[in-house]
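Colleague: upload_31.cif is reproduced below (mmCIF, C-alpha atoms (C1' of nucleotides)).
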data_model
#
loop_
_atom_site.label_atom_id
_atom_site.label_comp_id
_atom_site.auth_asym_id
_atom_site.auth_seq_id
_atom_site.Cartn_x
_atom_site.Cartn_y
_atom_site.Cartn_z
CA MET A 1 113.94 113.10 125.48
CA ILE A 2 116.74 115.61 125.64
CA SER A 3 120.32 114.33 125.43
CA ASN A 4 122.62 113.83 128.41
CA LYS A 5 124.83 116.45 126.86
CA ALA A 6 122.09 119.07 127.10
CA LYS A 7 121.17 118.02 130.60
CA TYR A 8 124.81 118.31 131.71
CA ALA A 9 124.99 121.72 130.08
CA PHE A 10 122.04 122.94 132.13
CA ARG A 11 123.50 121.54 135.35
CA ALA A 12 126.81 123.22 134.65
CA LEU A 13 125.26 126.50 133.65
CA LEU A 14 122.97 126.64 136.67
CA THR A 15 125.97 125.94 138.88
CA VAL A 16 128.13 128.66 137.36
CA ALA A 17 125.23 131.11 137.46
CA ALA A 18 124.62 130.37 141.13
CA ALA A 19 128.25 130.92 142.10
CA PRO A 20 129.22 134.16 143.90
CA GLU A 21 129.83 137.06 141.51
CA GLY A 22 133.30 136.90 139.94
CA GLU A 23 134.16 133.47 141.34
CA ALA A 24 135.36 131.07 138.66
CA LEU A 25 134.40 127.40 138.84
CA THR A 26 136.71 124.80 137.35
CA SER A 27 135.48 122.04 135.06
CA THR A 28 136.85 119.55 137.58
CA GLU A 29 134.76 121.02 140.39
CA ILE A 30 131.59 121.11 138.31
CA ALA A 31 132.15 117.55 137.13
CA ARG A 32 132.73 116.36 140.69
CA ARG A 33 129.61 118.01 142.07
CA HIS A 34 127.29 116.47 139.49
CA ALA A 35 129.18 113.25 138.71
CA ILE A 36 129.61 114.23 135.07
CA PRO A 37 132.47 112.56 133.11
CA HIS A 38 135.15 115.21 133.21
CA LYS A 39 136.39 115.12 129.62
CA PHE A 40 132.85 115.10 128.32
CA LEU A 41 131.98 118.12 130.42
CA GLU A 42 135.01 119.97 129.06
CA GLN A 43 133.57 119.72 125.56
CA ILE A 44 130.25 121.00 126.78
CA LEU A 45 131.73 123.98 128.59
CA LEU A 46 133.70 124.78 125.47
CA ASP A 47 130.48 124.78 123.44
CA LEU A 48 128.92 127.15 125.94
CA LYS A 49 131.94 129.38 125.62
CA LYS A 50 131.86 129.36 121.82
CA ALA A 51 128.17 130.26 122.03
CA GLY A 52 129.05 133.38 123.98
CA ILE A 53 127.40 132.26 127.20
CA LEU A 54 130.39 131.44 129.38
CA GLU A 55 133.81 133.00 129.72
CA SER A 56 136.93 131.09 130.69
CA ARG A 57 140.20 131.77 132.45
CA ARG A 58 143.13 129.46 131.89
CA GLY A 59 145.98 128.53 134.15
CA LYS A 60 146.38 127.87 137.80
CA SER A 61 143.42 129.78 139.17
CA GLY A 62 141.30 129.39 136.09
CA GLY A 63 137.75 128.24 135.54
CA TYR A 64 134.46 129.39 134.08
CA ILE A 65 132.27 132.38 134.81
CA MET A 66 129.16 133.82 133.18
CA LEU A 67 129.75 136.05 130.18
CA ARG A 68 126.15 137.25 129.96
CA PRO A 69 123.73 137.74 132.87
CA ALA A 70 121.63 134.68 133.71
CA ASP A 71 118.37 136.50 133.10
CA THR A 72 119.22 136.93 129.41
CA ILE A 73 119.81 133.24 128.77
CA THR A 74 116.70 131.22 127.97
CA PHE A 75 116.28 127.47 128.13
CA GLY A 76 115.43 127.50 124.44
CA GLU A 77 118.71 129.15 123.51
CA VAL A 78 120.79 126.62 125.42
CA LEU A 79 118.77 123.70 124.15
CA ARG A 80 119.28 124.78 120.54
CA ILE A 81 123.06 124.82 121.03
CA PHE A 82 123.08 121.15 121.95
CA GLU A 83 120.03 119.72 120.22
CA GLY A 84 119.72 121.82 117.10
CA PRO A 85 116.28 123.08 116.04
CA LEU A 86 113.53 122.44 118.59
CA ALA A 87 110.71 122.35 116.05
CA PRO A 88 109.04 118.96 115.59
CA LEU A 89 109.06 119.46 111.81
CA PRO A 90 111.67 121.23 109.67
CA CYS A 91 108.91 123.33 108.11
CA LEU A 92 108.04 124.75 111.55
CA SER A 93 111.49 125.97 112.50
CA ARG A 94 111.90 129.73 112.23
CA GLN A 95 115.61 129.81 112.84
CA SER A 96 116.44 126.97 110.47
CA TYR A 97 113.45 126.44 108.21
CA ARG A 98 113.50 123.65 105.66
CA ARG A 99 110.48 122.46 103.74
CA CYS A 100 109.39 118.85 104.14
CA GLU A 101 110.51 116.93 101.05
CA ASP A 102 107.25 115.09 100.65
CA CYS A 103 104.84 117.89 101.45
CA ALA A 104 102.55 119.08 98.65
CA SER A 105 101.18 122.17 100.36
CA GLU A 106 102.26 123.56 103.70
CA ALA A 107 99.11 125.61 104.08
CA ASN A 108 96.95 122.50 103.75
CA CYS A 109 99.13 120.09 105.74
CA GLU A 110 97.16 118.79 108.71
CA ILE A 111 100.28 117.42 110.34
CA ARG A 112 102.02 120.76 110.15
CA ARG A 113 98.96 122.55 111.51
CA GLU A 114 98.60 120.31 114.54
CA PHE A 115 102.27 120.26 115.40
CA ALA A 116 102.38 124.02 115.07
CA ARG A 117 99.94 124.19 117.97
CA ALA A 118 102.07 121.93 120.13
CA TYR A 119 105.32 123.63 119.23
CA ASP A 120 103.96 127.12 119.84
CA ALA A 121 102.89 126.05 123.29
CA SER A 122 106.25 124.65 124.28
CA ARG A 123 108.28 127.34 122.55
CA GLN A 124 106.44 130.00 124.46
CA VAL A 125 107.78 128.44 127.65
CA LEU A 126 111.29 127.54 126.52
CA ASP A 127 112.03 130.87 124.89
CA SER A 128 110.79 132.93 127.82
CA ARG A 129 112.05 131.10 130.90
CA THR A 130 115.64 131.97 131.78
CA ILE A 131 118.43 130.45 133.85
CA ALA A 132 117.77 133.18 136.42
CA ASP A 133 114.06 132.26 136.55
CA ALA A 134 114.99 128.67 137.21
CA LEU A 135 117.27 129.63 140.07
CA ALA A 136 114.61 131.85 141.63
CA ASN A 137 113.15 128.59 142.90
CA VAL A 138 109.47 129.43 142.61
CA PRO A 139 107.55 126.15 142.76
CA TYR A 140 105.65 125.13 139.67
CA ASP A 141 102.03 124.20 140.19
CA ASP A 142 100.75 121.87 137.50
CA THR A 143 97.03 122.53 137.57
CA GLY A 144 96.68 124.11 134.15
CA GLU A 145 95.57 127.33 135.87
CA ASP A 146 98.96 129.01 135.84
CA GLN A 147 98.83 130.04 132.21
CA GLN A 148 95.58 131.94 132.73
CA ARG A 149 96.66 133.54 135.97
CA LEU A 150 99.93 134.66 134.42
CA ALA A 151 98.23 135.85 131.25
CA GLY A 152 95.58 137.83 133.11
CA MET B 1 112.19 116.57 115.16
CA ILE B 2 109.82 113.68 114.79
CA SER B 3 110.92 110.66 112.75
CA ASN B 4 109.90 109.99 109.15
CA LYS B 5 108.22 106.88 110.45
CA ALA B 6 105.90 108.89 112.66
CA LYS B 7 105.21 111.39 109.92
CA TYR B 8 104.32 108.57 107.50
CA ALA B 9 102.07 107.08 110.15
CA PHE B 10 100.14 110.33 110.43
CA ARG B 11 99.82 110.66 106.67
CA ALA B 12 98.54 107.10 106.39
CA LEU B 13 96.17 107.45 109.30
CA LEU B 14 94.71 110.71 108.07
CA THR B 15 94.18 109.12 104.67
CA VAL B 16 92.42 106.05 106.02
CA ALA B 17 90.31 108.20 108.34
CA ALA B 18 89.27 110.44 105.45
CA ALA B 19 88.19 107.52 103.26
CA PRO B 20 84.45 106.80 102.83
CA GLU B 21 82.98 104.70 105.66
CA GLY B 22 83.72 100.99 105.19
CA GLU B 23 86.07 101.46 102.24
CA ALA B 24 89.41 99.72 102.74
CA LEU B 25 92.61 101.35 101.47
CA THR B 26 95.53 99.15 100.44
CA SER B 27 99.06 99.80 101.59
CA THR B 28 100.03 100.11 97.93
CA GLU B 29 97.50 102.86 97.34
CA ILE B 30 98.50 104.81 100.44
CA ALA B 31 102.18 104.48 99.58
CA ARG B 32 101.53 105.67 96.03
CA ARG B 33 99.56 108.72 97.11
CA HIS B 34 102.19 109.98 99.50
CA ALA B 35 105.32 108.59 97.86
CA ILE B 36 106.17 106.51 100.91
CA PRO B 37 108.46 103.46 100.39
CA HIS B 38 105.97 100.62 100.25
CA LYS B 39 107.70 98.03 102.38
CA PHE B 40 108.46 100.61 105.02
CA LEU B 41 104.83 101.69 105.11
CA GLU B 42 103.73 98.09 105.57
CA GLN B 43 105.67 97.95 108.84
CA ILE B 44 104.07 101.17 109.97
CA LEU B 45 100.54 100.05 109.17
CA LEU B 46 101.25 96.84 111.03
CA ASP B 47 102.30 98.84 114.08
CA LEU B 48 99.08 100.82 113.89
CA LYS B 49 97.17 97.59 113.70
CA LYS B 50 98.96 96.08 116.69
CA ALA B 51 98.21 99.25 118.61
CA GLY B 52 94.50 98.71 118.02
CA ILE B 53 94.04 101.73 115.82
CA LEU B 54 93.63 100.16 112.38
CA GLU B 55 91.96 96.99 111.23
CA SER B 56 93.07 94.99 108.21
CA ARG B 57 91.51 92.68 105.66
CA ARG B 58 93.70 90.29 103.73
CA GLY B 59 93.38 88.91 100.24
CA LYS B 60 92.21 90.24 96.95
CA SER B 61 89.95 93.04 98.11
CA GLY B 62 91.85 93.70 101.30
CA GLY B 63 93.30 96.81 102.84
CA TYR B 64 93.09 98.91 105.98
CA ILE B 65 90.19 100.60 107.72
CA MET B 66 89.81 102.41 111.03
CA LEU B 67 89.20 100.21 114.05
CA ARG B 68 88.37 103.09 116.39
CA PRO B 69 86.67 106.35 115.45
CA ALA B 70 89.04 109.14 114.43
CA ASP B 71 87.82 111.42 117.20
CA THR B 72 89.13 109.03 119.85
CA ILE B 73 92.68 108.94 118.50
CA THR B 74 94.94 111.74 119.70
CA PHE B 75 98.19 112.89 118.16
CA GLY B 76 99.91 112.09 121.43
CA GLU B 77 98.77 108.47 121.33
CA VAL B 78 100.05 107.92 117.80
CA LEU B 79 103.30 109.71 118.48
CA ARG B 80 104.00 107.53 121.53
CA ILE B 81 103.62 104.38 119.40
CA PHE B 82 106.44 105.45 117.11
CA GLU B 83 108.60 107.69 119.26
CA GLY B 84 108.23 106.25 122.72
CA PRO B 85 107.70 108.61 125.67
CA LEU B 86 107.14 112.24 124.69
CA ALA B 87 108.47 113.68 127.94
CA PRO B 88 111.74 115.62 127.63
CA LEU B 89 113.05 113.90 130.78
CA PRO B 90 112.40 110.34 131.97
CA CYS B 91 111.34 111.70 135.37
CA LEU B 92 108.53 113.67 133.70
CA SER B 93 106.90 110.78 131.86
CA ARG B 94 103.68 109.59 133.48
CA GLN B 95 103.22 106.53 131.31
CA SER B 96 106.81 105.36 131.57
CA TYR B 97 108.41 107.13 134.48
CA ARG B 98 112.06 106.55 135.27
CA ARG B 99 114.08 108.59 137.66
CA CYS B 100 117.13 110.43 136.33
CA GLU B 101 120.21 108.49 137.40
CA ASP B 102 122.15 111.55 138.43
CA CYS B 103 119.37 113.49 140.14
CA ALA B 104 119.70 114.10 143.86
CA SER B 105 116.20 115.45 144.50
CA GLU B 106 113.38 115.66 141.98
CA ALA B 107 111.50 118.21 144.04
CA ASN B 108 114.47 120.58 143.97
CA CYS B 109 115.61 119.96 140.39
CA GLU B 110 115.45 123.22 138.44
CA ILE B 111 115.81 121.43 135.14
CA ARG B 112 112.87 119.17 135.90
CA ARG B 113 110.77 122.11 137.03
CA GLU B 114 111.37 124.16 133.89
CA PHE B 115 110.90 121.28 131.49
CA ALA B 116 107.71 120.33 133.28
CA ARG B 117 106.30 123.70 132.23
CA ALA B 118 107.24 123.15 128.61
CA TYR B 119 106.05 119.57 128.52
CA ASP B 120 102.72 120.37 130.16
CA ALA B 121 102.09 122.98 127.51
CA SER B 122 102.78 120.70 124.58
CA ARG B 123 101.13 117.66 126.14
CA GLN B 124 97.94 119.59 126.62
CA VAL B 125 97.80 120.04 122.86
CA LEU B 126 99.03 116.63 121.73
CA ASP B 127 96.82 114.65 124.08
CA SER B 128 93.67 116.58 123.26
CA ARG B 129 93.82 117.13 119.51
CA THR B 130 92.53 114.14 117.53
CA ILE B 131 92.82 112.84 113.98
CA ALA B 132 89.23 113.98 113.47
CA ASP B 133 90.09 117.50 114.67
CA ALA B 134 92.93 117.65 112.20
CA LEU B 135 90.65 116.65 109.32
CA ALA B 136 88.07 119.26 110.29
CA ASN B 137 90.41 121.70 108.60
CA VAL B 138 89.94 124.68 110.87
CA PRO B 139 92.83 127.06 110.22
CA TYR B 140 95.23 127.67 113.07
CA ASP B 141 95.98 131.26 113.88
CA ASP B 142 99.31 131.69 115.58
CA THR B 143 98.86 134.93 117.48
CA GLY B 144 98.94 133.56 120.99
CA GLU B 145 95.33 134.67 121.44
CA ASP B 146 93.76 131.36 120.58
CA GLN B 147 94.43 129.77 123.91
CA GLN B 148 92.62 132.53 125.74
CA ARG B 149 89.71 132.67 123.32
CA LEU B 150 89.29 128.91 123.46
CA ALA B 151 89.69 128.86 127.23
CA GLY B 152 87.19 131.64 127.76
"C1'" DT C 1 159.46 126.50 136.05
"C1'" DA C 2 156.20 123.04 137.42
"C1'" DA C 3 151.61 122.31 138.43
"C1'" DA C 4 147.05 123.39 137.32
"C1'" DT C 5 143.97 124.65 134.24
"C1'" DG C 6 141.54 125.17 129.65
"C1'" DT C 7 141.78 123.79 124.32
"C1'" DC C 8 141.66 120.76 120.52
"C1'" DG C 9 141.23 116.75 117.45
"C1'" DA C 10 140.73 111.96 116.77
"C1'" DC C 11 138.92 107.72 118.14
"C1'" DT C 12 135.48 104.02 119.99
"C1'" DT C 13 131.27 101.90 121.07
"C1'" DT C 14 126.49 101.48 121.08
"C1'" DA C 15 122.01 102.63 119.60
"C1'" DT C 16 118.68 104.36 116.40
"C1'" DA C 17 116.74 105.84 111.85
"C1'" DA C 18 115.41 104.65 107.59
"C1'" DG C 19 114.95 101.80 104.83
"C1'" DT C 20 115.62 96.87 101.76
"C1'" DA C 21 114.84 92.03 100.84
"C1'" DG C 22 112.55 87.88 100.67
"C1'" DG C 23 109.44 85.04 101.65
"C1'" DG C 24 104.91 83.11 104.02
"C1'" DA C 25 99.77 83.24 105.01
"C1'" DA C 26 95.07 84.48 103.91
"C1'" DT C 27 91.48 85.65 100.77
"C1'" DT C 28 88.88 85.87 96.62
"C1'" DG C 29 87.56 86.26 91.65
"C1'" DA C 30 87.81 83.60 87.61
"C1'" DT D 1 90.72 74.87 92.41
"C1'" DC D 2 94.23 78.04 91.56
"C1'" DA D 3 96.53 82.12 90.76
"C1'" DA D 4 96.60 86.82 91.73
"C1'" DT D 5 96.37 90.02 95.29
"C1'" DT D 6 96.87 91.45 99.56
"C1'" DC D 7 98.60 91.58 104.37
"C1'" DC D 8 102.23 89.53 107.72
"C1'" DC D 9 106.79 88.60 109.58
"C1'" DT D 10 111.86 88.33 110.15
"C1'" DA D 11 116.28 89.46 109.04
"C1'" DC D 12 119.58 92.44 107.10
"C1'" DT D 13 122.00 96.94 105.66
"C1'" DT D 14 123.73 101.51 105.82
"C1'" DA D 15 124.26 105.96 107.75
"C1'" DT D 16 124.10 108.96 111.51
"C1'" DA D 17 124.24 110.44 116.15
"C1'" DA D 18 124.95 109.83 121.29
"C1'" DA D 19 128.00 109.35 124.82
"C1'" DG D 20 131.80 109.10 125.97
"C1'" DT D 21 137.47 108.19 125.98
"C1'" DC D 22 142.22 109.46 124.98
"C1'" DG D 23 146.35 111.98 124.28
"C1'" DA D 24 148.64 115.94 123.48
"C1'" DC D 25 149.06 120.99 123.49
"C1'" DA D 26 148.52 125.98 125.24
"C1'" DT D 27 148.23 129.30 128.97
"C1'" DT D 28 148.61 131.13 133.43
"C1'" DT D 29 150.35 131.73 138.02
"C1'" DA D 30 152.31 130.43 142.65
#
Step by step, read the file and then write its structure as structure tokens.
Modeller:
Amino acid sequence: MISNKAKYAFRALLTVAAAPEGEALTSTEIARRHAIPHKFLEQILLDLKKAGILESRRGKSGGYIMLRPADTITFGEVLRIFEGPLAPLPCLSRQSYRRCEDCASEANCEIRREFARAYDASRQVLDSRTIADALANVPYDDTGEDQQRLAG
Amino acid sequence: MISNKAKYAFRALLTVAAAPEGEALTSTEIARRHAIPHKFLEQILLDLKKAGILESRRGKSGGYIMLRPADTITFGEVLRIFEGPLAPLPCLSRQSYRRCEDCASEANCEIRREFARAYDASRQVLDSRTIADALANVPYDDTGEDQQRLAG
DNA sequence: TAAATGTCGACTTTATAAGTAGGGAATTGA
DNA sequence: TCAATTCCCTACTTATAAAGTCGACATTTA
């Protein structure tokens, strides 16, 4: 399960991305719309700013706007900001690889091999789908046929 | 990241499954082979027993053996025993569905829709690959072509 | 210049991970 | 039979992270 923090971050980001070009949204407004604890949301927005995703304006008519276009921001990128590495095993993370303490041989590790399959599958989705994709509102049909249709 | 507990469970299970038919392995022996804290492993083996995956014999020539064949035990099943639901959101879990407290409409939730894609992809792997598959030792080639070759 | 906003650091509370500890119950080989 | 070996069970500890809460400060603008 992903954390509340990450879920709030996505709600906030989708809201800011959906706002009219140039219009800043305040943390108070975002918190109100989604019933997110205000002070908690402030921390989250700050994290998104430090990550170079949002931009902020202070003072009376302040608020948050997108720093980068929504179609350059993937779900994977945002998730990593709040959850750390997405890999199920440290030895499978590309961005922050660590070997498993107790592992004799990575090449022969059955656990690593199987989880690599699962992680590849989910990473392919998370690192390709963007905030803009999500807002495009195309329904998702869970029949297992999508992957082949899209790949073909 | 998966917990140490789950990782130990997989190591133990793969070891018991790889043992000669009918030969019981003691918790001490399994712990020694993989340098797993013995008392901790005992709890894990007990969980696997309660889940109907392992069988145990007590006393002098006791130990653990498989209760069900290794090709009927998926990685997803084992993972759920130790990690709970695998879904990234409660509203995406089939086996233990809960609605998200703060969600207005599941059908229109962009977060749910995107994570459904990711979860479907990884679930398809975890719920199909078995302990027996893992022991078959077929190398895994991460080029993104496997899915199509296997599907075709 | 006061009100509205974002920024920052410290604190609290609760839950979970990762073990540790100590004994009790069953089996079996001598 | 009895002692060694094994599994079985409960309780405890320690460290870390999640999910906030709180109070003060900094910046902008009407």
Colleague: Using all atoms listed in the file, which residues of chain A come within 7 Å of chain B, and what is the closest atom pair for each, with the distance in Å to one decimal? Give it as CSV, sorted by chain and residue number.
Modeller:
residue,atom,partner,partner_atom,distance
A:Met1,CA,B:Pro88,CA,4.0
A:Ile2,CA,B:Pro88,CA,5.4
A:Leu86,CA,B:Met1,CA,6.9
A:Ala87,CA,B:Met1,CA,6.0
A:Pro88,CA,B:Met1,CA,4.0
A:Leu89,CA,B:Met1,CA,5.4
A:Glu110,CA,B:Ala134,CA,5.6
A:Arg113,CA,B:Tyr140,CA,6.5
A:Glu114,CA,B:Ala134,CA,6.7
A:Arg117,CA,B:Val125,CA,6.8
A:Ala118,CA,B:Ser122,CA,4.7
A:Tyr119,CA,B:Ser122,CA,6.6
A:Ala121,CA,B:Ala121,CA,5.3
A:Ser122,CA,B:Ala118,CA,4.7
A:Val125,CA,B:Ala118,CA,5.4
A:Leu126,CA,B:Ala118,CA,6.3
A:Ala134,CA,B:Glu110,CA,5.6
A:Leu135,CA,B:Glu110,CA,6.9
A:Tyr140,CA,B:Arg113,CA,6.5
Colleague: Give me the result of the PyMOL selection byres ((chain C) within 6 of (chain B)) on this file, residue by residue, as a ChimeraX atom specification.
Modeller: /C:26-28
Colleague: One decimal, in Å: what's the spacing between C1' of DG24 in chain C and C1' of DC9 in chain D?
Modeller: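 Result for C1' of DG24 in chain C versus C1' of DC9 in chain D: 8.0 Å, one decimal.
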Colleague: Each residue of chain D with at least one atom at most 6 Å from chain A should appear once, together with its nearest atom pair and the corresponding distance in Å (one decimal); atoms considered: all atoms listed in the file; ordering: chain, then increasing residue number; output as CSV.
Modeller:
residue,atom,partner,partner_atom,distance
D:DT27,C1',A:Gly59,CA,5.7
D:DT28,C1',A:Gly59,CA,3.8
D:DT29,C1',A:Lys60,CA,5.5
Colleague: Can you turn the PyMOL selection byres ((chain B and resi 48-50) around 12) into a concrete residue list for this file, as a count of residues only?
Modeller: 37
Colleague: What is the C1' of DT5 in chain C to CA of Gly22 in chain A distance in Å?
Modeller: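 Between C1' of DT5 in chain C and CA of Gly22 in chain A the gap works out to 17.2 Å.
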Colleague: Report as a PDB file with C-alpha atoms (C1' of nucleotides), in the frame of the given file the residues that result from applying the PyMOL selection byres ((chain C and resi 22) around 10) to the structure here.
Modeller:
ATOM      1  C1'  DT C  20     115.620  96.870 101.760  1.00  0.00           C
ATOM      2  C1'  DA C  21     114.840  92.030 100.840  1.00  0.00           C
ATOM      3  C1'  DG C  23     109.440  85.040 101.650  1.00  0.00           C
ATOM      4  C1'  DG C  24     104.910  83.110 104.020  1.00  0.00           C
TER       5       DG C  24
ATOM      6  C1'  DT D  10     111.860  88.330 110.150  1.00  0.00           C
ATOM      7  C1'  DA D  11     116.280  89.460 109.040  1.00  0.00           C
TER       8       DA D  11
END
